[in-house]
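**Q** Provided below: structure05.cif, containing mmCIF, C-alpha atoms.
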data_target
loop_
_atom_site.label_atom_id
_atom_site.label_comp_id
_atom_site.auth_asym_id
_atom_site.auth_seq_id
_atom_site.Cartn_x
_atom_site.Cartn_y
_atom_site.Cartn_z
CA MET A 1221 26.07 -31.14 116.14
CA LYS A 1222 23.38 -33.50 117.43
CA ARG A 1223 25.15 -33.70 120.82
CA LYS A 1224 25.16 -29.88 121.15
CA SER A 1225 21.45 -29.80 120.37
CA ILE A 1226 20.71 -32.40 123.05
CA ILE A 1227 22.85 -30.54 125.60
CA LEU A 1228 21.14 -27.24 124.75
CA THR A 1229 17.68 -28.83 125.04
CA CYS A 1230 18.54 -30.41 128.41
CA SER A 1231 19.93 -27.11 129.71
CA LEU A 1232 16.78 -25.31 128.64
CA LEU A 1233 14.53 -27.88 130.34
CA ILE A 1234 16.53 -27.70 133.57
CA THR A 1235 16.34 -23.89 133.52
CA LEU A 1236 12.57 -23.93 132.91
CA ALA A 1237 12.04 -26.48 135.68
CA GLY A 1238 13.94 -24.27 138.12
CA PHE A 1239 11.98 -21.21 137.00
CA THR A 1240 8.65 -22.97 137.54
CA ALA A 1241 9.64 -24.24 141.01
CA ALA A 1242 10.96 -20.82 142.03
CA ASN A 1243 7.63 -19.19 141.13
CA ALA A 1244 5.37 -21.69 142.88
CA LEU A 1245 3.36 -20.12 145.68
CA SER A 1246 4.51 -21.20 149.13
CA ALA A 1247 3.95 -20.33 152.77
CA GLY A 1248 5.51 -17.04 153.78
CA GLN A 1249 5.02 -15.32 150.43
CA GLU A 1250 2.99 -12.13 150.26
CA ILE A 1251 0.39 -12.01 147.52
CA ALA A 1252 -1.69 -9.26 145.97
CA ASN A 1253 -5.44 -9.19 145.53
CA VAL A 1254 -6.67 -10.05 142.05
CA ASN A 1255 -9.32 -8.61 139.78
CA ILE A 1256 -11.69 -11.37 138.77
CA LYS A 1257 -15.49 -11.70 138.49
CA ASP A 1258 -18.36 -12.24 140.90
CA ALA A 1259 -21.14 -14.77 140.39
CA ASN A 1260 -22.98 -12.33 138.10
CA ASN A 1261 -19.90 -11.82 135.89
CA ASN A 1262 -19.27 -8.33 137.28
CA PRO A 1263 -15.71 -7.18 138.09
CA SER A 1264 -14.72 -8.04 141.64
CA SER A 1265 -11.78 -8.70 143.90
CA ILE A 1266 -11.46 -10.77 147.05
CA PRO A 1267 -13.34 -8.99 149.87
CA GLU A 1268 -11.61 -8.35 153.21
CA PHE A 1269 -8.21 -9.01 151.59
CA GLY A 1270 -5.56 -7.77 154.02
CA SER A 1271 -8.02 -7.00 156.80
CA LYS A 1272 -9.01 -10.50 157.96
CA ILE A 1273 -7.68 -14.04 157.97
CA LEU A 1274 -8.89 -15.56 154.72
CA THR A 1275 -9.50 -19.15 153.82
CA ILE A 1276 -9.46 -19.27 150.03
CA ILE A 1277 -10.43 -22.32 148.03
CA TYR A 1278 -9.49 -22.04 144.36
CA CYS A 1279 -10.94 -24.97 142.49
CA ASP A 1280 -11.74 -26.42 139.15
CA THR A 1281 -15.46 -27.14 139.06
CA ASP A 1282 -14.67 -30.86 138.72
CA THR A 1283 -13.07 -30.78 142.17
CA SER A 1284 -15.31 -28.25 143.91
CA ASP A 1285 -16.14 -30.62 146.78
CA LEU A 1286 -12.60 -31.86 147.54
CA ALA A 1287 -11.83 -29.27 150.19
CA ASP A 1288 -15.24 -29.59 151.86
CA PRO A 1289 -13.89 -31.61 154.83
CA MET A 1290 -11.47 -28.80 155.66
CA SER A 1291 -14.12 -26.12 155.14
CA ASP A 1292 -16.59 -28.05 157.29
CA ALA A 1293 -14.03 -28.45 160.08
CA LEU A 1294 -13.35 -24.71 160.07
CA LYS A 1295 -17.05 -23.84 159.89
CA ALA A 1296 -17.73 -26.09 162.90
CA LYS A 1297 -15.31 -23.97 164.95
CA ASN A 1298 -17.45 -20.91 164.25
CA TYR A 1299 -14.56 -18.44 164.32
CA PRO A 1300 -15.74 -14.82 164.52
CA ARG A 1301 -16.45 -13.40 161.05
CA THR A 1302 -14.91 -10.15 162.25
CA LYS A 1303 -11.55 -11.95 162.20
CA SER A 1304 -11.77 -14.83 159.72
CA ILE A 1305 -13.82 -15.56 156.60
CA GLY A 1306 -13.85 -18.03 153.76
CA THR A 1307 -13.95 -17.31 150.05
CA GLY A 1308 -14.36 -19.66 147.15
CA ILE A 1309 -13.06 -19.01 143.67
CA ALA A 1310 -14.33 -21.16 140.82
CA ASN A 1311 -11.79 -21.85 138.07
CA LEU A 1312 -14.05 -21.52 135.01
CA LYS A 1313 -11.27 -21.68 132.43
CA ASP A 1314 -10.57 -25.39 132.97
CA SER A 1315 -14.21 -26.47 133.17
CA PRO A 1316 -16.00 -28.21 130.32
CA VAL A 1317 -19.32 -26.86 131.66
CA PRO A 1318 -20.49 -23.51 130.21
CA ASN A 1319 -19.73 -20.52 132.44
CA TRP A 1320 -23.39 -19.48 132.70
CA VAL A 1321 -24.28 -22.90 134.15
CA ILE A 1322 -21.51 -22.67 136.73
CA ARG A 1323 -22.57 -19.15 137.66
CA LYS A 1324 -26.14 -20.35 138.33
CA ILE A 1325 -24.80 -23.06 140.64
CA VAL A 1326 -22.49 -20.55 142.34
CA GLN A 1327 -25.39 -18.13 142.90
CA ARG A 1328 -27.43 -20.88 144.60
CA LYS A 1329 -24.48 -21.83 146.83
CA ILE A 1330 -23.98 -18.20 147.82
CA GLU A 1331 -27.62 -17.96 148.87
CA LYS A 1332 -27.54 -21.28 150.69
CA TYR A 1333 -24.26 -20.83 152.57
CA ASN A 1334 -24.03 -17.03 152.81
CA GLU A 1335 -20.41 -17.12 151.62
CA THR A 1336 -18.52 -15.24 148.93
CA ILE A 1337 -17.80 -17.23 145.80
CA LEU A 1338 -16.05 -15.54 142.91
CA THR A 1339 -15.25 -16.76 139.41
CA ASP A 1340 -11.99 -16.79 137.46
CA VAL A 1341 -12.67 -16.99 133.72
CA ASP A 1342 -9.08 -16.98 132.49
CA ASN A 1343 -6.84 -18.43 135.24
CA THR A 1344 -5.95 -14.96 136.54
CA VAL A 1345 -5.58 -16.32 140.08
CA ALA A 1346 -3.43 -19.28 139.05
CA ARG A 1347 -1.13 -17.07 136.95
CA SER A 1348 -0.95 -14.16 139.41
CA TRP A 1349 -0.20 -16.33 142.43
CA GLY A 1350 1.99 -18.94 140.73
CA LEU A 1351 -0.35 -21.86 141.37
CA GLY A 1352 0.63 -23.72 138.22
CA ASP A 1353 -1.77 -26.02 136.40
CA CYS A 1354 -5.03 -26.08 138.38
CA ASN A 1355 -7.03 -28.26 136.01
CA ASN A 1356 -8.85 -30.95 138.05
CA LYS A 1357 -7.37 -29.51 141.26
CA SER A 1358 -8.51 -27.70 144.36
CA VAL A 1359 -6.05 -25.35 146.06
CA PHE A 1360 -6.64 -24.57 149.74
CA ILE A 1361 -4.94 -21.36 150.94
CA ILE A 1362 -4.91 -19.66 154.32
CA LEU A 1363 -3.92 -16.02 154.05
CA GLY A 1364 -3.04 -13.87 157.03
CA LYS A 1365 -4.10 -10.30 157.61
CA ASP A 1366 -0.57 -9.39 156.50
CA LYS A 1367 -1.37 -10.78 153.00
CA LYS A 1368 1.14 -13.58 153.53
CA VAL A 1369 0.37 -17.20 152.79
CA LYS A 1370 0.20 -19.19 156.02
CA TYR A 1371 -0.79 -22.48 154.40
CA ILE A 1372 -1.23 -23.84 150.90
CA LYS A 1373 -2.01 -27.33 149.73
CA THR A 1374 -3.27 -28.66 146.42
CA PHE A 1375 -5.72 -31.54 146.28
CA ASP A 1376 -6.95 -33.73 143.45
CA LYS A 1377 -8.87 -37.00 143.17
CA TYR A 1378 -5.71 -38.95 144.08
CA ASN A 1379 -4.67 -36.66 146.94
CA LYS A 1380 -7.69 -35.80 149.09
CA PRO A 1381 -7.58 -33.94 152.42
CA THR A 1382 -6.89 -36.18 155.40
CA GLN A 1383 -8.00 -35.79 159.00
CA ALA A 1384 -4.47 -34.56 159.74
CA ASP A 1385 -4.92 -31.81 157.11
CA CYS A 1386 -8.21 -30.79 158.70
CA ASP A 1387 -6.75 -30.78 162.22
CA TYR A 1388 -3.76 -28.72 161.06
CA VAL A 1389 -5.82 -25.98 159.37
CA VAL A 1390 -8.24 -25.75 162.29
CA LYS A 1391 -5.33 -25.28 164.71
CA LEU A 1392 -3.58 -22.81 162.38
CA VAL A 1393 -6.67 -20.65 161.89
CA GLY A 1394 -7.40 -20.87 165.62
CA ASP A 1395 -3.87 -19.62 166.39
CA LEU A 1396 -4.20 -16.81 163.82
CA VAL A 1397 -7.58 -15.78 165.24
CA ALA A 1398 -6.18 -15.82 168.80
CA SER A 1399 -3.31 -13.51 167.76
CA PHE A 1400 -5.55 -11.23 165.62
CA LYS A 1401 -5.16 -7.57 166.51
#
Before anything else, please render the file you have as structure tokens.
**A**
Amino acid sequence: MKRKSIILTCSLLITLAGFTAANALSAGQEIANVNIKDANNNPSSIPEFGSKILTIIYCDTDTSDLADPMSDALKAKNYPRTKSIGTGIANLKDSPVPNWVIRKIVQRKIEKYNETILTDVDNTVARSWGLGDCNNKSVFIILGKDKKVKYIKTFDKYNKPTQADCDYVVKLVGDLVASFK
């Protein structure tokens, strides 16, 4: 009886592991826009979704600066905003800091950088897009006008963006901008 229980448990774990891997977001997948909140806690969705090339950074507030080297490299290229824009999404669910404090910080960053930053209070983005556990992580996504993922990479304090990562996303966005119709 004990052997059957162990076999059943192992089979269940293998099945769940396969299910999780099969649902992880990857390049080539089409995704849908999500209903989340803006910096003032009002309902919002990702602007320009499906009409421009989007650089989306979904991050836990503890890792909000991890993807900065990639964002800075893209910003330095000054791609036309008529073709490509960046959007940040703050993962509030996994933050120990109160949401109202994060929203104040987000509002200041929006004013300073003139960029869209949204908030996700309940991991809607992570669940909807199959990002998995995003606690203490920053997910960098490039989404084409066709709503398909062109690039996705997750960073944490042990896996920070490299110069090769920055060079790759700059070239990829440049190629997408050049082929934009």
**Q** Ranking A:Asp1282, A:Asn1298, A:Leu1245, A:Ala1259 by minimum distance to Thr1336 (chain A) and counting only C-alpha atoms, which one comes first?
**A**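 Counting only C-alpha atoms, the residue closest to Thr1336 (chain A) is A:Ala1259.
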**Q** Find the residue from A:Ile1251, A:Ile1325, A:Leu1363, A:Leu1312 that sits nearest to Asp1280 (chain A); use only C-alpha atoms when measuring.
**A**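 Nearest candidate to Asp1280 (chain A) out of A:Ile1251, A:Ile1325, A:Leu1363, A:Leu1312: A:Leu1312.
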**Q** Taking into account all atoms listed in the file, which residue in the set A:Ile1309, A:Asp1340, A:Val1321, A:Asn1334 is nearest to Lys1257 (chain A)?
**A**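 Distance minimum relative to Lys1257 (chain A) lands on A:Asp1340.
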**Q** Quick one: pull the distance between CA of Phe1360 (chain A) and CA of Thr1302 (chain A), Å, one decimal.
**A**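 For CA of Phe1360 (chain A) relative to CA of Thr1302 (chain A), the distance reads 20.8 Å.
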**Q** May I have a table of the residues of region 1324-1352 of chain A lying at most 12 Å from region 1367-1372 of chain A, giving each one's closest pair of atoms and their distance in Å to one decimal, counting only C-alpha atoms, ordered by chain and ascending residue number, as a tab-separated table?
**A**
residue	atom	partner	partner_atom	distance
A:Trp1349	CA	A:Val1369	CA	10.4
A:Gly1350	CA	A:Ile1372	CA	11.7
A:Leu1351	CA	A:Ile1372	CA	9.8
**Q** Just checking: using all atoms listed in the file, which residue out of A:Ala1346, A:Ala1293, A:Leu1274, A:Ile1266 ends up closest to Ala1384 (chain A)?
**A** A:Ala1293
**Q** What would the list of residues within 12 Å of (-2.6, -22.4, 140.2) (file frame) look like as a PyMOL selection string, if only C-alpha atoms are what count?
**A** chain A and resi 1240+1243-1246+1277-1280+1309-1311+1313-1314+1340+1342-1361+1372-1375
**Q** Counting only C-alpha atoms, which residues sit no farther than 12 Å from the position (-25.0, -16.6, 146.0) in the file's frame? I'd like them as number ranges by chain.
**A** A: 1258-1260, 1307-1308, 1322-1339
**Q** Work out how far apart CA of Lys1303 (chain A) and CA of Val1390 (chain A) are and give it in Å to one decimal.
**A**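 CA of Val1390 (chain A) lies at a distance of 14.2 Å from CA of Lys1303 (chain A).
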**Q** Box for region 1363-1379 of chain A: with edges along x, y and z, all listed atoms inside and 8 Å added on each side, what are the centre and edge lengths in Å to one decimal, as JSON?
**A**
{"center_x": -3.9, "center_y": -24.2, "center_z": 150.4, "size_x": 26.0, "size_y": 45.6, "size_z": 30.4}
**Q** Enter the distance from CA of Gly1364 (chain A) to CA of Glu1250 (chain A), in Å, rounded to one decimal.
**A** 9.2 Å
**Q** Rank A:Ala1252, A:Ile1305, A:Leu1392, A:Ala1296 by their smallest atom-to-atom distance to Ser1265 (chain A), using all atoms listed in the file, and report the top residue only.
**A**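 For Ser1265 (chain A), the nearest of the given residues is A:Ala1252.
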**Q** Between A:Ser1315, A:Trp1320, A:Asp1366, A:Phe1269, which residue has the minimum interatomic distance to Ser1284 (chain A), considering all atoms listed in the file?
**A** A:Ser1315
**Q** Please write as JSON, numbers by chain the full residue list that the PyMOL selection byres ((chain A and resi 1400) around 9) yields on this file.
**A** {"A": [1272, 1273, 1303, 1365, 1395, 1396, 1397, 1398, 1399, 1401]}
**Q** Run the PyMOL selection byres ((chain A and resi 1286) around 8) on the file and write out the hits as a list of chain:residue names.
**A**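 Evaluating the PyMOL selection byres ((chain A and resi 1286) around 8) on this file yields A:Thr1283, A:Ser1284, A:Asp1285, A:Ala1287, A:Asp1288, A:Pro1289, A:Ser1358, A:Phe1375, A:Asp1376, A:Lys1377, A:Lys1380, A:Pro1381.
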**Q** Could you write those residues out with C-alpha atoms, as a PDB file, in the coordinates of the input?
**A**
ATOM      1  CA  THR A1283     -13.070 -30.780 142.170  1.00  0.00           C
ATOM      2  CA  SER A1284     -15.310 -28.250 143.910  1.00  0.00           C
ATOM      3  CA  ASP A1285     -16.140 -30.620 146.780  1.00  0.00           C
ATOM      4  CA  ALA A1287     -11.830 -29.270 150.190  1.00  0.00           C
ATOM      5  CA  ASP A1288     -15.240 -29.590 151.860  1.00  0.00           C
ATOM      6  CA  PRO A1289     -13.890 -31.610 154.830  1.00  0.00           C
ATOM      7  CA  SER A1358      -8.510 -27.700 144.360  1.00  0.00           C
ATOM      8  CA  PHE A1375      -5.720 -31.540 146.280  1.00  0.00           C
ATOM      9  CA  ASP A1376      -6.950 -33.730 143.450  1.00  0.00           C
ATOM     10  CA  LYS A1377      -8.870 -37.000 143.170  1.00  0.00           C
ATOM     11  CA  LYS A1380      -7.690 -35.800 149.090  1.00  0.00           C
ATOM     12  CA  PRO A1381      -7.580 -33.940 152.420  1.00  0.00           C
TER      13      PRO A1381
END
